[in-house]
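K.L.:
Can you read through this structure? Questions will come right after.
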Amino acid sequence: MAHLFINQIEPGVQINDVYMVTQPILRNTTRGDLYIAMYLSDMTGKVNGRMWRTTEAVYSRLPSEGFIRIRGVAELYQGTLQIVVNDFVVVEADTVSLSDYMPRTKKNISEMLSETKRILAEVRHQGLNALVDEFLGDADFMREFAAAPGGMQIHHNYLGGLLEHTHSMLKVARAILPLYPQIQADLVLTAVFLHDAGKTKELSYQMGFSYTDPGQLLGHMVLGIQMIDKKVDALAKKNIVIDPTVLDSLKHIILSHHGQYDFGSPKLPATAEAFFVYYIDNLDAKMNQVTELINNHPGNADWTAYQKTLETKLYRKRPLK
Ligand SMILES: [Fe+2]
Ligand SMILES: [Fe+2]
């Protein structure tokens, strides 16, 4: 039987299919009954799953990340699709086709990679150019860079998302840099390339997406700085030394690119280049988040459910015919 993809599930539909389960939690209802909250997902989306009136023994059979065949029913809860699970059996990962379950970029990875390299070849500053080449020449890094998601939940949260996000930001940067001639383009292009490089180590994406221990403890900005430091050491062994002021300016852009302490930046942007990268990162993340939410929201309503991270619902109607 063909897999019923999450984005094809309509409210009211009976479900008997295999989904990836992640982050199951055993909770109490206000009446004191036990229930399980979990995420159910496949390559097309992720929904909340609820198993009511359950027991600790049932909960202990659920993998923290894995596959289950569920029988249940889809329903709308506060405008959002969820699946009420009546019962489940655990399914071994080697019996499912993994590619049905991991969301991936719809764009062409090798085309994005070649255009990324073409744009980065425009970096003229000798030290920055050598640093970029050191990363581009690192086959292990580039494999992870092309495969990793761009985030866990909010934007570009699919395989190839990190490359798609970086590639898109490089194109935005190149398009508008001529409007701001005082900005040092080589610093911006290098920083855009490396701003989220630490996500290759922050996120694990073998089965479902989760944070690695270094990711939880250090975060992708600090991990990215460590990766740069390693490359700088490797270059020093080849007698290529990058001016420390240039290096600090590059690291500053990376450490401040979330723009606010609340969003994990240890520094606030303090250079024109840092503000520039912060704004285009935010622009590209928001455009991806908003268009995905509008396109993938279940049902045909004009408004999505309330989006906590955006502090609004989104209007889905296209005003122009
Ligand atoms: Fe980031
Ligand atoms: Fe980013």
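Here's how to read the names in the structure tokens: chain A, B, ... by the order shown, residue numbers from 1 in each chain, ligand numbers from 1 in the order shown.
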Please, which residues in chain A fall within 12 Å of ligand 2 when counting only C-alpha atoms and all ligand atoms, and what is the closest atom pair and distance in Å to one decimal for each, ordered by chain then residue number, as CSV?
P.N.:
residue,atom,partner,partner_atom_place_in_ligand_line,distance
A:Pro149,CA,ligand 2,1 (Fe),11.0
A:Gly150,CA,ligand 2,1 (Fe),7.3
A:Gly151,CA,ligand 2,1 (Fe),8.5
A:Ile154,CA,ligand 2,1 (Fe),11.1
A:His155,CA,ligand 2,1 (Fe),9.0
A:His156,CA,ligand 2,1 (Fe),9.3
A:Asn157,CA,ligand 2,1 (Fe),11.6
A:Gly161,CA,ligand 2,1 (Fe),10.1
A:Leu162,CA,ligand 2,1 (Fe),7.9
A:Leu163,CA,ligand 2,1 (Fe),10.1
A:Glu164,CA,ligand 2,1 (Fe),10.3
A:His165,CA,ligand 2,1 (Fe),6.7
A:Thr166,CA,ligand 2,1 (Fe),7.0
A:His167,CA,ligand 2,1 (Fe),10.6
A:Ser168,CA,ligand 2,1 (Fe),10.2
A:Met169,CA,ligand 2,1 (Fe),8.3
A:Leu170,CA,ligand 2,1 (Fe),11.1
A:Ala191,CA,ligand 2,1 (Fe),10.4
A:Val192,CA,ligand 2,1 (Fe),8.0
A:Phe193,CA,ligand 2,1 (Fe),9.5
A:Leu194,CA,ligand 2,1 (Fe),9.3
A:His195,CA,ligand 2,1 (Fe),6.4
A:Asp196,CA,ligand 2,1 (Fe),5.4
A:Ala197,CA,ligand 2,1 (Fe),9.0
A:Gly198,CA,ligand 2,1 (Fe),10.4
A:Lys199,CA,ligand 2,1 (Fe),9.3
A:His220,CA,ligand 2,1 (Fe),9.9
A:Met221,CA,ligand 2,1 (Fe),10.0
A:Gly224,CA,ligand 2,1 (Fe),11.9
A:Ile253,CA,ligand 2,1 (Fe),11.5
A:Ile254,CA,ligand 2,1 (Fe),9.5
A:Leu255,CA,ligand 2,1 (Fe),11.4
A:Ser256,CA,ligand 2,1 (Fe),11.1
A:His257,CA,ligand 2,1 (Fe),7.6
A:His258,CA,ligand 2,1 (Fe),8.0
A:Gly259,CA,ligand 2,1 (Fe),11.2
A:Phe263,CA,ligand 2,1 (Fe),11.9
A:Ser265,CA,ligand 2,1 (Fe),11.9
A:Val277,CA,ligand 2,1 (Fe),8.9
A:Tyr278,CA,ligand 2,1 (Fe),8.4
A:Tyr279,CA,ligand 2,1 (Fe),10.1
A:Ile280,CA,ligand 2,1 (Fe),8.6
A:Asp281,CA,ligand 2,1 (Fe),5.0
A:Asn282,CA,ligand 2,1 (Fe),7.3
A:Leu283,CA,ligand 2,1 (Fe),9.6
A:Asp284,CA,ligand 2,1 (Fe),7.9
A:Ala285,CA,ligand 2,1 (Fe),6.8
A:Lys286,CA,ligand 2,1 (Fe),10.4
A:Asn288,CA,ligand 2,1 (Fe),11.2
K.L.:
Would you save the residues from that selection as a PDB file, in the first residue's frame, using C-alpha atoms?
P.N.:
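Full text of part18.pdb as output:
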ATOM      1  CA  PRO A 149      19.532  20.877   7.289  1.00  0.00           C
ATOM      2  CA  GLY A 150      19.567  24.656   7.788  1.00  0.00           C
ATOM      3  CA  GLY A 151      17.729  24.356  11.089  1.00  0.00           C
ATOM      4  CA  ILE A 154      11.934  27.183  11.970  1.00  0.00           C
ATOM      5  CA  HIS A 155      13.534  27.579   8.557  1.00  0.00           C
ATOM      6  CA  HIS A 156      15.244  25.401   5.920  1.00  0.00           C
ATOM      7  CA  ASN A 157      14.530  22.405   8.181  1.00  0.00           C
ATOM      8  CA  GLY A 161      18.669  23.284   3.744  1.00  0.00           C
ATOM      9  CA  LEU A 162      22.010  24.644   4.948  1.00  0.00           C
ATOM     10  CA  LEU A 163      23.336  24.803   1.396  1.00  0.00           C
ATOM     11  CA  GLU A 164      20.054  26.231   0.071  1.00  0.00           C
ATOM     12  CA  HIS A 165      20.052  28.962   2.737  1.00  0.00           C
ATOM     13  CA  THR A 166      23.740  29.820   2.247  1.00  0.00           C
ATOM     14  CA  HIS A 167      23.428  29.802  -1.545  1.00  0.00           C
ATOM     15  CA  SER A 168      20.359  32.021  -1.416  1.00  0.00           C
ATOM     16  CA  MET A 169      22.063  34.499   0.940  1.00  0.00           C
ATOM     17  CA  LEU A 170      25.128  34.638  -1.323  1.00  0.00           C
ATOM     18  CA  ALA A 191      31.038  35.401   6.342  1.00  0.00           C
ATOM     19  CA  VAL A 192      27.858  34.355   4.540  1.00  0.00           C
ATOM     20  CA  PHE A 193      29.559  31.148   3.400  1.00  0.00           C
ATOM     21  CA  LEU A 194      30.697  30.317   6.937  1.00  0.00           C
ATOM     22  CA  HIS A 195      28.006  31.928   9.130  1.00  0.00           C
ATOM     23  CA  ASP A 196      26.079  28.669   9.692  1.00  0.00           C
ATOM     24  CA  ALA A 197      28.911  26.217   8.842  1.00  0.00           C
ATOM     25  CA  GLY A 198      28.848  25.137  12.510  1.00  0.00           C
ATOM     26  CA  LYS A 199      25.406  23.624  11.852  1.00  0.00           C
ATOM     27  CA  HIS A 220      26.676  26.698  15.752  1.00  0.00           C
ATOM     28  CA  MET A 221      28.313  30.106  16.096  1.00  0.00           C
ATOM     29  CA  GLY A 224      31.874  27.682  13.407  1.00  0.00           C
ATOM     30  CA  ILE A 253      30.062  38.836  11.740  1.00  0.00           C
ATOM     31  CA  ILE A 254      29.563  35.155  12.540  1.00  0.00           C
ATOM     32  CA  LEU A 255      29.172  35.680  16.306  1.00  0.00           C
ATOM     33  CA  SER A 256      26.661  38.512  15.839  1.00  0.00           C
ATOM     34  CA  HIS A 257      24.597  37.162  12.940  1.00  0.00           C
ATOM     35  CA  HIS A 258      21.516  36.392  15.037  1.00  0.00           C
ATOM     36  CA  GLY A 259      21.452  40.088  15.925  1.00  0.00           C
ATOM     37  CA  PHE A 263      18.616  34.607  19.803  1.00  0.00           C
ATOM     38  CA  SER A 265      24.367  35.849  19.538  1.00  0.00           C
ATOM     39  CA  VAL A 277      24.772  39.769   7.115  1.00  0.00           C
ATOM     40  CA  TYR A 278      22.335  39.837  10.068  1.00  0.00           C
ATOM     41  CA  TYR A 279      19.637  41.414   7.904  1.00  0.00           C
ATOM     42  CA  ILE A 280      20.054  39.120   4.911  1.00  0.00           C
ATOM     43  CA  ASP A 281      20.189  36.055   7.178  1.00  0.00           C
ATOM     44  CA  ASN A 282      16.957  37.157   8.815  1.00  0.00           C
ATOM     45  CA  LEU A 283      15.385  37.983   5.437  1.00  0.00           C
ATOM     46  CA  ASP A 284      16.254  34.618   3.916  1.00  0.00           C
ATOM     47  CA  ALA A 285      15.176  32.651   7.013  1.00  0.00           C
ATOM     48  CA  LYS A 286      11.858  34.544   7.249  1.00  0.00           C
ATOM     49  CA  ASN A 288      11.636  30.462   3.750  1.00  0.00           C
TER      50      ASN A 288
END
K.L.:
As a ChimeraX atom specification, list the residues of region 76-294 of chain A assigned to strand (DSSP E) by DSSP on the backbone atoms of this structure.
P.N.:
/A:76-77,80-91,203-204,210-211
K.L.:
What is the distance, in Å and to one decimal place, between CA of Ala234 (chain A) and CA of Leu136 (chain A)?
P.N.:
13.7 Å
K.L.:
Given only C-alpha atoms as the basis, pick out the residue of A:Thr105, A:Thr55, A:Asn48, A:Thr312 nearest to Leu159 (chain A).
P.N.:
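Smallest distance to Leu159 (chain A) is found for A:Thr105.
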K.L.:
Go through A:Val21, A:Ile176, A:Val96, A:Leu81 and flag the residue nearest Glu65 (chain A), using only C-alpha atoms for the distances.
P.N.:
A:Val21
K.L.:
Counting only C-alpha atoms, what is within 9 Å of Gly12 (chain A), bar same-chain residues fewer than 4 positions away, as a list in words?
P.N.:
Val73, Ala74, Glu75 and Leu76 of chain A
K.L.:
Would you please give, as a ChimeraX atom specification, all residues of region 3-242 of chain A that DSSP assigns to alpha helix (DSSP H) based on the backbone?
P.N.:
/A:56-60,109-120,126-136,139-147,161-176,185-194,199-202,213-237
K.L.:
What's the separation between CA of Gly79 (chain A) and CA of Pro298 (chain A), in Å to one decimal place?
P.N.:
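Between these atoms lies a distance of 8.7 Å.
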K.L.:
Could you check which of A:Tyr35, A:Phe145, A:Tyr315, A:Phe275 is closest to Asn86 (chain A), using only C-alpha atoms?
P.N.:
A:Tyr35
K.L.:
For a quick check of understanding, using only C-alpha atoms and all ligand atoms, which of A:Ser210, A:Asp248, A:Met152, A:Gln23 has the smallest distance to ligand 1?
P.N.:
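Using only C-alpha atoms and all ligand atoms, the shortest distance to ligand 1 belongs to A:Met152.
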K.L.:
In terms of the shortest atom-to-atom distance over only C-alpha atoms and all ligand atoms, which of A:Pro319, A:Gly32, A:Pro24, A:Pro266 is closest to ligand 1?
P.N.:
A:Pro266
K.L.:
Name all residues at most 10 Å from Phe5 (chain A) (count only C-alpha atoms; drop same-chain ones fewer than 6 positions away) and give them as a PyMOL selection string.
P.N.:
chain A and resi 17-19+41-45+100-101
